[in-house]
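K.L.:
Starting off with a structure, shown below.
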Amino acid sequence: MSSHYNSNIQKVVSFENIDDDIFKYTTNFPPEILAEGEAWVNENVEGVKAMTTGFESIDIVLDYVDKGVAIVELAKKLQLSMDQVMAFGDNLNDLHMMQVVGHPIAPENARPEIQELAKEIIGPHTEQSVIAYMEEIACQK
């Protein structure tokens, strides 16, 4: 499934084999220690922040990089105000993005912190609610 969305992901034996700029690591943890792993990174590794991305993984990114920063920059390039931007989020890696867009939308199975930011709650993401919502908007135009 991941290869569908991230066709250039490569597993390496050592980070020494990477000659590219690294902006994000994603790592898996057993669900029962996920929060502990996230906290450990945030307390012990300077220059990065860790955030949950799902039930068994965290993203580790440069401390000035996140989806919120990216969507603001994209909106600037497209000459959009943030009131014109909609985003869907469900986990902590979406937190800043949900804070900066004009129309934050969360599925009903999103984390409570994300639901609090949402202007609208839709069905669970496991039931294709995001694509259904987008198709409904497209049909209204």
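By order of appearance in the structure tokens: chains A, B, ..., then residues from 1 within every chain, and ligands from 1 in the order shown.
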Going by DSSP on the backbone, which bits of chain A are alpha helix (DSSP H)? Write them as number ranges by chain, please.

P.N.:
A: 2-5, 34-44, 67-77, 95-100, 112-117, 129-140

K.L.:
So that I can check the surroundings of Asp83 (chain A), please list as a ChimeraX atom specification every protein, DNA and RNA residue that reaches within 9 Å of it, counting only C-alpha atoms and ignoring chain neighbours fewer than 4 positions away.

P.N.:
/A:101-103

K.L.:
How would the residues just picked look written out with all heavy atoms as a compact mmCIF listing (two decimals), in the first residue's frame?

P.N.:
# COMPACT_ATOMS: atom_id res chain seq x y z
N VAL A 101 -5.49 26.17 7.96
CA VAL A 101 -6.42 26.22 6.81
C VAL A 101 -7.75 26.83 7.22
O VAL A 101 -8.14 26.78 8.39
CB VAL A 101 -6.63 24.83 6.17
CG1 VAL A 101 -5.32 24.28 5.64
CG2 VAL A 101 -7.31 23.87 7.11
N GLY A 102 -8.44 27.37 6.23
CA GLY A 102 -9.74 27.97 6.50
C GLY A 102 -10.85 26.97 6.73
O GLY A 102 -11.84 27.28 7.40
N HIS A 103 -10.69 25.76 6.17
CA HIS A 103 -11.76 24.76 6.28
C HIS A 103 -11.17 23.41 6.68
O HIS A 103 -11.00 22.52 5.84
CB HIS A 103 -12.52 24.66 4.95
CG HIS A 103 -13.12 25.95 4.53
ND1 HIS A 103 -14.28 26.43 5.07
CD2 HIS A 103 -12.69 26.89 3.66
CE1 HIS A 103 -14.55 27.61 4.54
NE2 HIS A 103 -13.59 27.91 3.70

K.L.:
Using only C-alpha atoms, which protein or nucleic acid residues come within 9 Å of region 115-130 of chain A? Drop anything in the same chain fewer than 4 positions from it, and give the result as number ranges by chain.

P.N.:
A: 88-90, 95, 98-99, 102-111, 134-135

K.L.:
Would you compute the distance between CA of Trp40 (chain A) and CA of Ile22 (chain A)? Give it in Å to one decimal.

P.N.:
20.2 Å

K.L.:
Identify which of the residues A:Val61, A:Ile114, A:Ala75, A:Leu80 lies closest to Val48 (chain A), counting only C-alpha atoms when measuring atom-to-atom distances.

P.N.:
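Closest to Val48 (chain A) of all the choices is A:Val61.
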
K.L.:
Give me the residues within 10 Å of Phe23 (chain A) as a JSON list (two decimals) with N, CA and C atoms, in the first residue's frame, counting only C-alpha atoms and dropping any in the same chain fewer than 4 places off.

P.N.:
[["chain", "number", "residue", "atom", "x", "y", "z"],
["A", 48, "VAL", "N", 14.64, 18.16, 15.70],
["A", 48, "VAL", "CA", 13.54, 17.42, 15.08],
["A", 48, "VAL", "C", 12.34, 17.38, 16.01],
["A", 60, "ILE", "N", 9.27, 11.58, 12.00],
["A", 60, "ILE", "CA", 10.29, 12.40, 12.62],
["A", 60, "ILE", "C", 10.74, 13.38, 11.54],
["A", 61, "VAL", "N", 10.49, 14.67, 11.79],
["A", 61, "VAL", "CA", 10.77, 15.70, 10.79],
["A", 61, "VAL", "C", 11.63, 16.79, 11.41],
["A", 62, "LEU", "N", 12.25, 17.58, 10.54],
["A", 62, "LEU", "CA", 12.97, 18.75, 11.01],
["A", 62, "LEU", "C", 11.99, 19.63, 11.78],
["A", 63, "ASP", "N", 12.47, 20.25, 12.85],
["A", 63, "ASP", "CA", 11.54, 20.96, 13.73],
["A", 63, "ASP", "C", 10.83, 22.15, 13.10],
["A", 65, "VAL", "N", 9.59, 21.88, 9.88],
["A", 65, "VAL", "CA", 8.88, 21.32, 8.74],
["A", 65, "VAL", "C", 7.64, 20.57, 9.22],
["A", 66, "ASP", "N", 6.50, 20.87, 8.63],
["A", 66, "ASP", "CA", 5.30, 20.08, 8.88],
["A", 66, "ASP", "C", 4.27, 20.41, 7.79]]

K.L.:
As a list in words, please: the residues near Ile58 (chain A) (cut-off 8 Å, only C-alpha atoms, same-chain neighbours under 3 positions excluded).

P.N.:
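In the requested form, the answer reads Thr26, Thr27, Asn28, Phe29, Leu34, Glu38, Ala50, Met51, Thr52, Thr53 and Gly54 of chain A.
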
K.L.:
For His96 (chain A), list every protein, DNA or RNA residue within 8 Å, evaluated using only C-alpha atoms, and leave out those in the same chain fewer than 6 positions away; present the list as a PyMOL selection string.

P.N.:
chain A and resi 66-69

K.L.:
Quick one: of A:Gln140, A:Asn91, A:Ser14, A:Ser57, who's nearest to Glu113 (chain A), counting only C-alpha atoms?

P.N.:
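The answer is A:Asn91, which sits nearest to Glu113 (chain A).
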
K.L.:
Would you please give, as a short mmCIF file (atom, residue, chain, number, x, y, z; two decimals) with N, CA, C and O atoms, in the first residue's frame, all residues of chain A that DSSP assigns to strand (DSSP E or B) based on the backbone?

P.N.:
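This is the output file part-v9.cif:
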data_model
loop_
_atom_site.label_atom_id
_atom_site.label_comp_id
_atom_site.auth_asym_id
_atom_site.auth_seq_id
_atom_site.Cartn_x
_atom_site.Cartn_y
_atom_site.Cartn_z
N LYS A 24 12.30 13.71 6.36
CA LYS A 24 11.37 12.97 7.21
C LYS A 24 11.79 11.52 7.30
O LYS A 24 12.20 10.92 6.31
N TYR A 25 11.68 10.99 8.50
CA TYR A 25 11.77 9.55 8.74
C TYR A 25 10.40 9.11 9.23
O TYR A 25 9.75 9.81 9.99
N THR A 26 9.98 7.96 8.83
CA THR A 26 8.79 7.34 9.42
C THR A 26 9.23 6.01 10.01
O THR A 26 9.97 5.27 9.37
N THR A 27 8.80 5.77 11.22
CA THR A 27 9.19 4.53 11.89
C THR A 27 8.00 3.92 12.59
O THR A 27 7.09 4.63 13.01
N ASN A 28 7.99 2.62 12.67
CA ASN A 28 6.88 1.90 13.30
C ASN A 28 7.24 1.49 14.71
O ASN A 28 8.41 1.20 15.01
N VAL A 48 14.64 18.16 15.70
CA VAL A 48 13.54 17.42 15.08
C VAL A 48 12.34 17.38 16.01
O VAL A 48 12.45 17.69 17.20
N LYS A 49 11.22 17.01 15.44
CA LYS A 49 10.03 16.73 16.25
C LYS A 49 9.41 15.45 15.74
O LYS A 49 9.48 15.14 14.55
N ALA A 50 8.84 14.71 16.65
CA ALA A 50 8.17 13.45 16.31
C ALA A 50 6.68 13.63 16.56
O ALA A 50 6.27 14.32 17.50
N MET A 51 5.88 13.01 15.71
CA MET A 51 4.43 13.07 15.88
C MET A 51 3.81 11.80 15.34
O MET A 51 4.32 11.22 14.38
N THR A 52 2.73 11.38 15.96
CA THR A 52 2.08 10.17 15.50
C THR A 52 1.43 10.42 14.14
O THR A 52 0.92 11.49 13.87
N SER A 57 2.84 4.20 13.91
CA SER A 57 4.02 4.86 13.36
C SER A 57 4.11 6.31 13.80
O SER A 57 3.11 6.92 14.19
N ILE A 58 5.33 6.83 13.73
CA ILE A 58 5.55 8.25 13.97
C ILE A 58 6.38 8.79 12.81
O ILE A 58 7.16 8.07 12.19
N ASP A 59 6.17 10.05 12.51
CA ASP A 59 7.03 10.78 11.59
C ASP A 59 8.02 11.56 12.44
O ASP A 59 7.65 12.16 13.45
N ILE A 60 9.27 11.58 12.00
CA ILE A 60 10.29 12.40 12.62
C ILE A 60 10.74 13.38 11.54
O ILE A 60 11.24 12.97 10.49
N VAL A 61 10.49 14.67 11.79
CA VAL A 61 10.77 15.70 10.79
C VAL A 61 11.63 16.79 11.41
O VAL A 61 11.71 16.92 12.63
N LEU A 62 12.25 17.58 10.54
CA LEU A 62 12.97 18.75 11.01
C LEU A 62 11.99 19.63 11.78
O LEU A 62 10.82 19.73 11.41
N MET A 86 -8.91 24.04 2.03
CA MET A 86 -9.55 22.98 2.80
C MET A 86 -8.53 21.87 3.01
O MET A 86 -7.72 21.58 2.12
N ALA A 87 -8.55 21.26 4.18
CA ALA A 87 -7.66 20.13 4.44
C ALA A 87 -8.39 19.11 5.30
O ALA A 87 -9.25 19.44 6.10
N PHE A 88 -8.00 17.85 5.10
CA PHE A 88 -8.54 16.75 5.87
C PHE A 88 -7.42 16.22 6.76
O PHE A 88 -6.31 16.02 6.28
N HIS A 103 -10.69 25.76 6.17
CA HIS A 103 -11.76 24.76 6.28
C HIS A 103 -11.17 23.41 6.68
O HIS A 103 -11.00 22.52 5.84
N PRO A 104 -10.86 23.24 7.96
CA PRO A 104 -10.34 21.95 8.42
C PRO A 104 -11.48 20.95 8.60
O PRO A 104 -12.52 21.27 9.18
N ILE A 105 -11.29 19.76 8.08
CA ILE A 105 -12.31 18.71 8.14
C ILE A 105 -11.66 17.45 8.69
O ILE A 105 -10.55 17.08 8.28
N ALA A 106 -12.35 16.77 9.60
CA ALA A 106 -11.81 15.56 10.21
C ALA A 106 -12.81 14.42 10.11
O ALA A 106 -14.02 14.64 10.21
N PRO A 107 -12.32 13.21 9.94
CA PRO A 107 -13.22 12.05 10.01
C PRO A 107 -13.59 11.79 11.47
O PRO A 107 -12.87 12.20 12.39
N GLU A 120 -15.93 20.72 10.42
CA GLU A 120 -16.90 19.70 10.03
C GLU A 120 -16.31 18.32 10.30
O GLU A 120 -15.12 18.08 10.06
N ILE A 121 -17.14 17.42 10.82
CA ILE A 121 -16.75 16.03 11.05
C ILE A 121 -17.50 15.17 10.04
O ILE A 121 -18.72 15.29 9.89
N ILE A 122 -16.75 14.34 9.31
CA ILE A 122 -17.36 13.46 8.32
C ILE A 122 -17.24 12.01 8.81
O ILE A 122 -16.72 11.77 9.89
#

K.L.:
Can you tell me how far CA of Lys77 (chain A) sits from CA of Val100 (chain A), in Å to one decimal?

P.N.:
15.7 Å

K.L.:
For the atom pair CA of Pro112 (chain A) and CA of Ala39 (chain A), what is the interatomic distance in Å to one decimal place?

P.N.:
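Separation of CA of Pro112 (chain A) and CA of Ala39 (chain A): 18.6 Å.
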